[in-house]
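In what follows, a single structure is set out as structure tokens and then discussed.
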Amino acid sequence: MPNRKTPFCWKYAIVVLFGVPFAANAADISESIRVACLGDSITAGARVDAATESYPAQLQEMLGDEYDVKNFGTGGATLIRTGRPNVWQKLDAVKEFQPHIAVISLGTNDTVAGRRKNWEQIAAFDQDYTDLIRELSELPTKPRIVVCTPTSMVLETPGLSADRLANLTERKPRLQTLCGQIRAIADKHSHRNVTLLELNQVLAGKLNLVTAGDGVHPNANGYKAIASAVAAHIRQNQRDNSLNVLIISIDDLNDWTGCLGGHPQAKTPNIDRLAKRGTLFRNAHCQAPICTPSRASLVTGLYPSTTGLYFLQPGLNASPIAMRRPNLLQHFEQAGYRTMGSGKFVHGATEGKYFMEHGGSMGGFGPTPDKKLTYPDGLKLWDWGAFPENEQLMPDTQVADWTIERLNRNYEQPFLLVAGFWRPHVPMYAPPRWFESFPLEKIQLPEVVANDRSDISEYAKRLTIGFPAPRHSWFVDNDGWRSAVQAYLASVAFVDHCVGRVLDALDDSEYSDNTVVVLFSDHGWHLGEKERWAKRSLWNDSTRVPLIVAAPGMPKDQQSDRPVGLIDIFPTLLELTGLPHRDDLEGRSLAPLLQDASMNWSRPILTTFAPLNHSLRSTRWHYIQYADGSEELYDHISDPHEWRNLATSSEHAGLMPRMRDALPKNNAEPIISDWQNWEIEAWREAEQLR
């Protein structure tokens, strides 16, 4: 696949303009590629049976059922607004159709002088064409616009009357002039995803393709030739402009990276260099502070309050709403992408079924020593320390190896490739060399305050108790806090090294200039903040995640403080790769923020932990409401550590109703499996207080 720099493709819907020469209800989606053919009598199908022989009808047959071709042709239409009739009279209908690519070839009727006086007004042609391109490019579907030169007037056509020949002889030079202007217009607006399709020679000199006695309109075979040219252009540009996607998934990584500054000793040079290649979202949050529902939200584009997936178990398959529509991987496969991955992404033992090619878990959370190293009690995974000696035994090393090997292959189709890394998830094991940069005696503990939970409700305390993590008192009483922080920093440094190996392989590959890279973590992680450990809370330490998007053609080295979420990744990738917008996704494309990182962004981002427990983050404020009605409010300008709950402050009484109004209006019943441990136990204990 050749290198490509354009950030859009056009796998799905198309507009053809052709001339003579938080969702409350998730709707089902259409998988067809909409093609709107808008132009004059050649589009309309003059001189033939339009229903079967016009170029739009034959284009539909050539492209197949994957496409939905609609004919918006009007006989005699001009490009200039003052012509009667004109293309502008069909524009509202085109907008309602919501196409994704426009192929414009107008101009033949603009050469008419005399009674219609179109040529006398031709000075408006360039500006009116520019306005038409702008109108189309601003559609929600962000269409690719293909500007065509009109088909030629064939003066040698048998049976032309003397008057007809004289008329076409006068107009043909005008048409050639307009073809030159159209080429310049296409070049000028290439930044609006405009490409040029030369149709001027499709009929030229081919008397067998033109209606006898006409000289302008094709016969059925001529319309077929036009349809073939349009179809070939669509398919070729689809291949040439399809961007690849590389997703780097990291497990349980909070903001302890160099670029986010969550811990002063964090060493993540590779994550940091990726941030400089794109946009770092400094205010990004998961939609659930647990692995399974967080990842389910990402791949479905739906909130937990819609799917009913709130807990570690069950998995994605248990939600009828989630399963009745293509998830991210399925959608890209249906769009012609080769989907590949290894490690952890969707979550669960059946992860491989979501990919066309999957390398396996690579050992998951292993390897583990025969005897725990540091924390003697509890869950086997809850341990930390320098292990193993052999770095090749680490699953993340193997995930990186597998991903690198795939980047060294050649593909006939665009790909979506996932590197699903496991660290720094517990056990916080990393090979010994990664501990060397973090001497135990120099480890800095997170900033905390005593009695940090004194201003929150009892319900919040019960819900966020954090099973199966050890109690914070154990870390303090057994002098384990510092070594756990050391192990987390070492694990982060190790997974960053694995990320760097993948980025190096991408840079050395043929895909370096045509691949969108997304890096994220599924949720944050407490290491003593709020007097607790691990995930399973609605506070910033548990919800905030690294999120970086680097895309060809987009600005580099920028940061955005606007509130965004992992749920936004799906619609963002659709827009960046040029696939159609899906109305059934509850996230929001981040493409506008990639262009302008500080643009107005009114939507707060939602995180949910167990039913009816919600967090909302705006640029400045963090609001939490629990199922018992208790609330928290934090000002991240004056209180980034969330030490002072302002919910009862009269100073912010006007803000609270606005936050409450932004919460989900519908909350799905929780889907609960036979597994009912940890956060389900905590939730049920908290519910007894209501």
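In the structure tokens, each chain is lettered A, B, ... as it comes, each chain's residues begin at 1, and ligands are numbered from 1 in order of appearance.
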Counting only C-alpha atoms, what are the residues of stretch 371-412 of chain A within 12 Å of stretch 249-268 of chain A, and for each of them which pair of atoms is the nearest and at what distance in Å, to one decimal? Sort the table by chain and rising number, as a tab-separated table.
residue	atom	partner	partner_atom	distance
A:Asp396	CA	A:Ile250	CA	9.8
A:Val399	CA	A:Ser249	CA	10.9
A:Ala400	CA	A:Ser249	CA	11.5
Using only C-alpha atoms, what table do you get, as a Markdown table, when you list each residue of stretch 434-542 of chain A with an atom no more than 9 Å from stretch 549-564 of chain A, its nearest pair of atoms, and their distance in Å rounded to one decimal, rows by chain then rising number?
| residue | atom | partner | partner_atom | distance |
| --- | --- | --- | --- | --- |
| A:Asp513 | CA | A:Pro552 | CA | 6.4 |
| A:Asn514 | CA | A:Pro552 | CA | 6.2 |
| A:Thr515 | CA | A:Ala551 | CA | 6.7 |
| A:Val516 | CA | A:Ala551 | CA | 4.5 |
| A:Val517 | CA | A:Ala550 | CA | 5.2 |
| A:Val518 | CA | A:Val549 | CA | 4.7 |
| A:Leu519 | CA | A:Val549 | CA | 6.7 |
| A:Phe520 | CA | A:Val549 | CA | 8.9 |
- Message: What's around stretch 678-681 of chain A at 10 Å? Count only C-alpha atoms, leave out sequence neighbours fewer than 5 positions away in its own chain, and write the answer as a ChimeraX atom specification.
- Response: /A:290,310-313,462-469,536-537,609-610,672,686-687
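Nearest to A:Trp643 of all the residues A:Asp128, A:Asp49, A:Asp541, A:Asp452 is A:Asp452, based on only C-alpha atoms.
The gap separating atom CA of A:Leu38 from atom CA of A:His189 is 19.4 Å, in Å to one decimal.
Proximity to A:Pro414 was assessed for A:Asn193, A:Thr577, A:Ser673, A:Gln444 counting only C-alpha atoms; the smallest distance is recorded for A:Thr577.
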- Task: Write out as a PyMOL selection string all residues of stretch 102-324 of chain A that DSSP puts in strand (DSSP E or B) for this structure's backbone.
- Result: chain A and resi 102-105+144-149+194-198+210+218+244-251+279-281+284-285
I want to know what sits within 9 Å of A:Gly107, based on only C-alpha atoms, with residues of the same chain fewer than 2 positions away left out; could you give that as a PDB file with N, CA and C atoms, in the first residue's frame?
ATOM      1  N   GLY A  19     -23.112  17.259 -14.533  1.00  0.00           N
ATOM      2  CA  GLY A  19     -23.701  18.155 -15.512  1.00  0.00           C
ATOM      3  C   GLY A  19     -23.600  17.619 -16.915  1.00  0.00           C
ATOM      4  N   VAL A  20     -24.256  18.340 -17.804  1.00  0.00           N
ATOM      5  CA  VAL A  20     -24.106  17.981 -19.218  1.00  0.00           C
ATOM      6  C   VAL A  20     -22.680  18.295 -19.602  1.00  0.00           C
ATOM      7  N   PRO A  21     -21.991  17.766 -20.771  1.00  0.00           N
ATOM      8  CA  PRO A  21     -20.538  17.731 -20.875  1.00  0.00           C
ATOM      9  C   PRO A  21     -20.048  18.296 -19.585  1.00  0.00           C
ATOM     10  N   ALA A  77     -30.082  22.326 -16.156  1.00  0.00           N
ATOM     11  CA  ALA A  77     -29.552  23.001 -14.966  1.00  0.00           C
ATOM     12  C   ALA A  77     -28.205  23.650 -15.225  1.00  0.00           C
ATOM     13  N   THR A  78     -28.012  24.816 -14.604  1.00  0.00           N
ATOM     14  CA  THR A  78     -26.735  25.525 -14.658  1.00  0.00           C
ATOM     15  C   THR A  78     -26.057  25.467 -13.297  1.00  0.00           C
ATOM     16  N   LEU A  79     -24.767  25.799 -13.315  1.00  0.00           N
ATOM     17  CA  LEU A  79     -24.026  25.966 -12.064  1.00  0.00           C
ATOM     18  C   LEU A  79     -24.264  27.355 -11.485  1.00  0.00           C
ATOM     19  N   ILE A  80     -24.304  28.365 -12.343  1.00  0.00           N
ATOM     20  CA  ILE A  80     -24.514  29.725 -11.844  1.00  0.00           C
ATOM     21  C   ILE A  80     -25.913  29.838 -11.238  1.00  0.00           C
ATOM     22  N   SER A 105     -19.929  17.827 -11.915  1.00  0.00           N
ATOM     23  CA  SER A 105     -19.545  18.141 -13.294  1.00  0.00           C
ATOM     24  C   SER A 105     -20.662  18.948 -13.924  1.00  0.00           C
ATOM     25  N   ASN A 109     -24.598  23.832 -19.693  1.00  0.00           N
ATOM     26  CA  ASN A 109     -25.686  24.804 -19.877  1.00  0.00           C
ATOM     27  C   ASN A 109     -25.254  26.226 -19.556  1.00  0.00           C
ATOM     28  N   ASP A 110     -24.144  26.366 -18.842  1.00  0.00           N
ATOM     29  CA  ASP A 110     -23.634  27.708 -18.563  1.00  0.00           C
ATOM     30  C   ASP A 110     -23.037  28.351 -19.805  1.00  0.00           C
ATOM     31  N   THR A 111     -22.814  27.555 -20.847  1.00  0.00           N
ATOM     32  CA  THR A 111     -22.265  28.112 -22.093  1.00  0.00           C
ATOM     33  C   THR A 111     -23.347  28.676 -23.008  1.00  0.00           C
ATOM     34  N   PHE A 125     -19.322  32.345 -12.285  1.00  0.00           N
ATOM     35  CA  PHE A 125     -19.122  30.894 -12.271  1.00  0.00           C
ATOM     36  C   PHE A 125     -18.178  30.441 -11.161  1.00  0.00           C
ATOM     37  N   THR A 149     -14.734  17.676 -14.993  1.00  0.00           N
ATOM     38  CA  THR A 149     -14.900  18.470 -16.216  1.00  0.00           C
ATOM     39  C   THR A 149     -16.060  17.874 -17.003  1.00  0.00           C
ATOM     40  N   PRO A 150     -16.917  18.714 -17.614  1.00  0.00           N
ATOM     41  CA  PRO A 150     -18.077  18.196 -18.346  1.00  0.00           C
ATOM     42  C   PRO A 150     -17.674  17.433 -19.606  1.00  0.00           C
ATOM     43  N   LEU A 175     -16.991  25.924 -23.486  1.00  0.00           N
ATOM     44  CA  LEU A 175     -16.938  24.765 -22.599  1.00  0.00           C
ATOM     45  C   LEU A 175     -15.497  24.424 -22.230  1.00  0.00           C
ATOM     46  N   LEU A 178     -14.354  26.780 -19.609  1.00  0.00           N
ATOM     47  CA  LEU A 178     -14.887  26.389 -18.293  1.00  0.00           C
ATOM     48  C   LEU A 178     -14.152  25.174 -17.736  1.00  0.00           C
ATOM     49  N   CYS A 179     -13.742  24.245 -18.606  1.00  0.00           N
ATOM     50  CA  CYS A 179     -12.980  23.089 -18.126  1.00  0.00           C
ATOM     51  C   CYS A 179     -11.688  23.544 -17.450  1.00  0.00           C
ATOM     52  N   ILE A 182     -12.596  24.941 -14.101  1.00  0.00           N
ATOM     53  CA  ILE A 182     -12.976  23.875 -13.174  1.00  0.00           C
ATOM     54  C   ILE A 182     -11.736  23.173 -12.623  1.00  0.00           C
TER      55      ILE A 182
END
- Message: For the alpha helix (DSSP H) assignment from backbone DSSP, which residues of stretch 339-495 of chain A qualify? Please present them as number ranges by chain.
- Response: A: 395-407, 458-463, 472-477, 481-495
Residues of stretch 468-520 of chain A that have any atom at most 12 Å from an atom of stretch 402-406 of chain A: could you tabulate them with the shortest-distance atom pair and the distance in Å to one decimal, using only C-alpha atoms, ordered by chain and increasing number, as JSON lines?
{"residue": "A:Cys498", "atom": "CA", "partner": "A:Thr403", "partner_atom": "CA", "distance": 10.3}
{"residue": "A:Val499", "atom": "CA", "partner": "A:Thr403", "partner_atom": "CA", "distance": 10.3}
{"residue": "A:Gly500", "atom": "CA", "partner": "A:Ile404", "partner_atom": "CA", "distance": 10.8}
{"residue": "A:Arg501", "atom": "CA", "partner": "A:Ile404", "partner_atom": "CA", "distance": 7.8}
{"residue": "A:Val502", "atom": "CA", "partner": "A:Ile404", "partner_atom": "CA", "distance": 5.8}
{"residue": "A:Leu503", "atom": "CA", "partner": "A:Ile404", "partner_atom": "CA", "distance": 8.8}
{"residue": "A:Asp504", "atom": "CA", "partner": "A:Ile404", "partner_atom": "CA", "distance": 8.8}
{"residue": "A:Ala505", "atom": "CA", "partner": "A:Ile404", "partner_atom": "CA", "distance": 5.8}
{"residue": "A:Leu506", "atom": "CA", "partner": "A:Ile404", "partner_atom": "CA", "distance": 7.7}
{"residue": "A:Asp507", "atom": "CA", "partner": "A:Ile404", "partner_atom": "CA", "distance": 10.8}
{"residue": "A:Asp508", "atom": "CA", "partner": "A:Ile404", "partner_atom": "CA", "distance": 10.1}
{"residue": "A:Ser509", "atom": "CA", "partner": "A:Ile404", "partner_atom": "CA", "distance": 9.4}
{"residue": "A:Glu510", "atom": "CA", "partner": "A:Arg406", "partner_atom": "CA", "distance": 11.8}
{"residue": "A:Tyr511", "atom": "CA", "partner": "A:Arg406", "partner_atom": "CA", "distance": 11.2}
- Message: So the first atom is atom CA of A:Val476 and the second is atom CA of A:Ala460; what is the distance between them in Å, to one decimal place?
- Response: 22.2 Å
Within 12 Å of A:Asn317, counting only C-alpha atoms, which residues show up once you throw out same-chain ones fewer than 2 positions away? Write them as a compact mmCIF listing (two decimals) with all heavy atoms, in the first residue's frame, please.
# COMPACT_ATOMS: atom_id res chain seq x y z
N THR A 292 -13.84 -4.04 31.96
CA THR A 292 -14.81 -4.55 31.00
C THR A 292 -15.79 -3.48 30.52
O THR A 292 -15.95 -3.29 29.32
CB THR A 292 -15.57 -5.75 31.58
OG1 THR A 292 -14.62 -6.74 31.99
CG2 THR A 292 -16.51 -6.36 30.55
N PRO A 293 -16.50 -2.79 31.42
CA PRO A 293 -17.45 -1.80 30.91
C PRO A 293 -16.80 -0.60 30.24
O PRO A 293 -17.38 0.00 29.34
CB PRO A 293 -18.23 -1.38 32.16
CG PRO A 293 -17.34 -1.72 33.30
CD PRO A 293 -16.57 -2.93 32.88
N ALA A 296 -16.02 -1.91 26.79
CA ALA A 296 -17.28 -2.11 26.07
C ALA A 296 -17.82 -0.79 25.56
O ALA A 296 -18.33 -0.69 24.44
CB ALA A 296 -18.30 -2.79 26.98
N THR A 300 -18.27 -0.04 21.52
CA THR A 300 -19.66 0.10 21.05
C THR A 300 -20.04 1.54 20.79
O THR A 300 -21.00 1.81 20.07
CB THR A 300 -20.65 -0.47 22.08
OG1 THR A 300 -20.56 0.28 23.30
CG2 THR A 300 -20.39 -1.94 22.34
N THR A 307 -26.06 0.47 27.75
CA THR A 307 -25.88 -0.97 27.52
C THR A 307 -26.25 -1.83 28.73
O THR A 307 -26.52 -3.02 28.57
CB THR A 307 -24.42 -1.28 27.16
OG1 THR A 307 -23.57 -0.95 28.29
CG2 THR A 307 -23.98 -0.49 25.94
N GLY A 308 -26.22 -1.25 29.95
CA GLY A 308 -26.43 -2.05 31.15
C GLY A 308 -25.18 -2.75 31.63
O GLY A 308 -25.22 -3.53 32.59
N LEU A 309 -24.03 -2.49 30.98
CA LEU A 309 -22.75 -3.11 31.37
C LEU A 309 -22.03 -2.17 32.33
O LEU A 309 -21.39 -1.21 31.92
CB LEU A 309 -21.90 -3.39 30.12
CG LEU A 309 -22.51 -4.37 29.12
CD1 LEU A 309 -21.66 -4.43 27.85
CD2 LEU A 309 -22.64 -5.76 29.74
N GLN A 313 -17.91 -8.23 35.24
CA GLN A 313 -18.63 -9.30 34.55
C GLN A 313 -20.11 -8.93 34.53
O GLN A 313 -20.59 -8.29 35.44
CB GLN A 313 -18.42 -10.65 35.26
CG GLN A 313 -16.98 -11.12 35.32
CD GLN A 313 -16.43 -11.50 33.96
OE1 GLN A 313 -17.19 -11.78 33.04
NE2 GLN A 313 -15.11 -11.47 33.83
N PRO A 314 -20.84 -9.31 33.46
CA PRO A 314 -20.44 -10.09 32.30
C PRO A 314 -19.80 -9.23 31.23
O PRO A 314 -19.67 -8.02 31.39
CB PRO A 314 -21.78 -10.66 31.81
CG PRO A 314 -22.76 -9.56 32.14
CD PRO A 314 -22.28 -9.00 33.44
N GLY A 315 -19.47 -9.88 30.10
CA GLY A 315 -18.81 -9.20 29.01
C GLY A 315 -19.78 -8.61 28.00
O GLY A 315 -21.00 -8.58 28.19
N SER A 319 -25.06 -7.87 26.53
CA SER A 319 -25.91 -6.70 26.32
C SER A 319 -26.58 -6.78 24.95
O SER A 319 -25.91 -6.63 23.92
CB SER A 319 -25.08 -5.41 26.41
OG SER A 319 -25.85 -4.30 26.00
N PRO A 320 -27.90 -6.96 24.90
CA PRO A 320 -28.59 -7.00 23.60
C PRO A 320 -28.41 -5.72 22.80
O PRO A 320 -28.25 -5.75 21.57
CB PRO A 320 -30.05 -7.23 23.99
CG PRO A 320 -30.01 -7.86 25.34
CD PRO A 320 -28.82 -7.24 26.01
N ILE A 321 -28.43 -4.57 23.48
CA ILE A 321 -28.28 -3.30 22.77
C ILE A 321 -26.89 -3.21 22.15
O ILE A 321 -26.73 -2.76 21.01
CB ILE A 321 -28.52 -2.12 23.73
CG1 ILE A 321 -29.99 -2.08 24.14
CG2 ILE A 321 -28.10 -0.80 23.09
CD1 ILE A 321 -30.31 -0.99 25.14
N ALA A 322 -25.87 -3.65 22.88
CA ALA A 322 -24.51 -3.59 22.35
C ALA A 322 -24.31 -4.54 21.19
O ALA A 322 -23.57 -4.24 20.25
CB ALA A 322 -23.51 -3.92 23.46
N MET A 323 -24.98 -5.68 21.21
CA MET A 323 -24.73 -6.72 20.22
C MET A 323 -25.55 -6.56 18.95
O MET A 323 -25.28 -7.23 17.95
CB MET A 323 -24.99 -8.10 20.83
CG MET A 323 -24.03 -8.46 21.95
SD MET A 323 -22.30 -8.39 21.43
CE MET A 323 -22.26 -9.74 20.25
N ARG A 324 -26.56 -5.70 18.95
CA ARG A 324 -27.41 -5.61 17.77
C ARG A 324 -26.84 -4.69 16.68
O ARG A 324 -27.46 -4.47 15.66
CB ARG A 324 -28.81 -5.16 18.14
CG ARG A 324 -28.97 -3.69 18.48
CD ARG A 324 -30.43 -3.27 18.51
NE ARG A 324 -31.20 -4.03 19.47
CZ ARG A 324 -31.91 -3.50 20.46
NH1 ARG A 324 -31.95 -2.19 20.59
NH2 ARG A 324 -32.58 -4.26 21.30
N ARG A 325 -25.67 -4.12 16.91
CA ARG A 325 -25.05 -3.22 15.94
C ARG A 325 -23.56 -3.53 15.87
O ARG A 325 -22.99 -4.07 16.82
CB ARG A 325 -25.28 -1.77 16.35
CG ARG A 325 -24.53 -1.37 17.60
CD ARG A 325 -25.22 -0.25 18.35
NE ARG A 325 -26.47 -0.70 18.91
CZ ARG A 325 -27.60 0.00 18.82
NH1 ARG A 325 -27.61 1.16 18.21
NH2 ARG A 325 -28.71 -0.47 19.36
N ASN A 327 -19.76 -3.37 16.36
CA ASN A 327 -18.84 -2.63 17.21
C ASN A 327 -17.71 -2.07 16.35
O ASN A 327 -17.69 -2.24 15.13
CB ASN A 327 -18.32 -3.50 18.35
CG ASN A 327 -17.51 -4.69 17.88
OD1 ASN A 327 -16.67 -4.58 16.98
ND2 ASN A 327 -17.74 -5.85 18.48
N VAL A 346 -10.72 -5.68 23.73
CA VAL A 346 -12.15 -5.77 24.06
C VAL A 346 -12.34 -6.30 25.47
O VAL A 346 -13.24 -5.87 26.18
CB VAL A 346 -12.88 -6.67 23.04
CG1 VAL A 346 -14.36 -6.78 23.38
CG2 VAL A 346 -12.71 -6.12 21.63
N HIS A 347 -11.50 -7.25 25.88
CA HIS A 347 -11.51 -7.86 27.21
C HIS A 347 -12.25 -9.18 27.17
O HIS A 347 -13.36 -9.28 26.67
CB HIS A 347 -12.14 -6.95 28.27
CG HIS A 347 -11.79 -7.37 29.68
ND1 HIS A 347 -12.31 -8.48 30.30
CD2 HIS A 347 -10.97 -6.80 30.60
CE1 HIS A 347 -11.83 -8.58 31.52
NE2 HIS A 347 -11.01 -7.58 31.73
N GLY A 348 -11.61 -10.19 27.73
CA GLY A 348 -12.27 -11.48 27.88
C GLY A 348 -11.59 -12.58 27.09
O GLY A 348 -10.80 -12.34 26.17
N ALA A 349 -11.93 -13.82 27.44
CA ALA A 349 -11.29 -14.99 26.84
C ALA A 349 -11.65 -15.15 25.37
O ALA A 349 -10.93 -15.82 24.63
CB ALA A 349 -11.69 -16.24 27.62
N THR A 350 -12.76 -14.55 24.94
CA THR A 350 -13.20 -14.71 23.55
C THR A 350 -12.80 -13.52 22.68
O THR A 350 -13.38 -13.30 21.63
CB THR A 350 -14.72 -14.90 23.50
OG1 THR A 350 -15.35 -13.72 24.06
CG2 THR A 350 -15.15 -16.12 24.28
N GLU A 351 -11.80 -12.78 23.11
CA GLU A 351 -11.42 -11.55 22.40
C GLU A 351 -11.10 -11.79 20.92
O GLU A 351 -11.42 -10.98 20.06
CB GLU A 351 -10.20 -10.91 23.09
CG GLU A 351 -9.67 -9.70 22.38
CD GLU A 351 -9.31 -8.58 23.33
OE1 GLU A 351 -9.67 -8.65 24.51
OE2 GLU A 351 -8.68 -7.63 22.88
N LYS A 353 -12.40 -13.49 18.68
CA LYS A 353 -13.50 -13.58 17.72
C LYS A 353 -13.87 -12.23 17.11
O LYS A 353 -14.57 -12.17 16.10
CB LYS A 353 -14.73 -14.20 18.38
CG LYS A 353 -15.46 -13.29 19.36
CD LYS A 353 -16.67 -13.99 19.94
CE LYS A 353 -17.45 -13.09 20.87
NZ LYS A 353 -18.62 -13.77 21.45
N TYR A 354 -13.42 -11.14 17.73
CA TYR A 354 -13.75 -9.81 17.22
C TYR A 354 -12.79 -9.36 16.12
O TYR A 354 -13.05 -8.35 15.46
CB TYR A 354 -13.77 -8.79 18.35
CG TYR A 354 -14.82 -9.06 19.39
CD1 TYR A 354 -14.49 -9.52 20.66
CD2 TYR A 354 -16.16 -8.87 19.09
CE1 TYR A 354 -15.46 -9.77 21.61
CE2 TYR A 354 -17.15 -9.12 20.04
CZ TYR A 354 -16.78 -9.57 21.30
OH TYR A 354 -17.75 -9.82 22.24
N ILE A 671 -26.89 -5.47 34.08
CA ILE A 671 -26.81 -6.87 33.66
C ILE A 671 -25.82 -7.56 34.60
O ILE A 671 -24.64 -7.19 34.64
CB ILE A 671 -26.35 -6.98 32.20
CG1 ILE A 671 -27.34 -6.23 31.29
CG2 ILE A 671 -26.23 -8.44 31.78
CD1 ILE A 671 -26.87 -6.16 29.84
N SER A 673 -24.19 -11.20 36.08
CA SER A 673 -23.95 -12.61 35.79
C SER A 673 -23.86 -13.39 37.10
O SER A 673 -24.11 -12.87 38.19
CB SER A 673 -22.66 -12.76 34.99
OG SER A 673 -21.54 -12.41 35.80
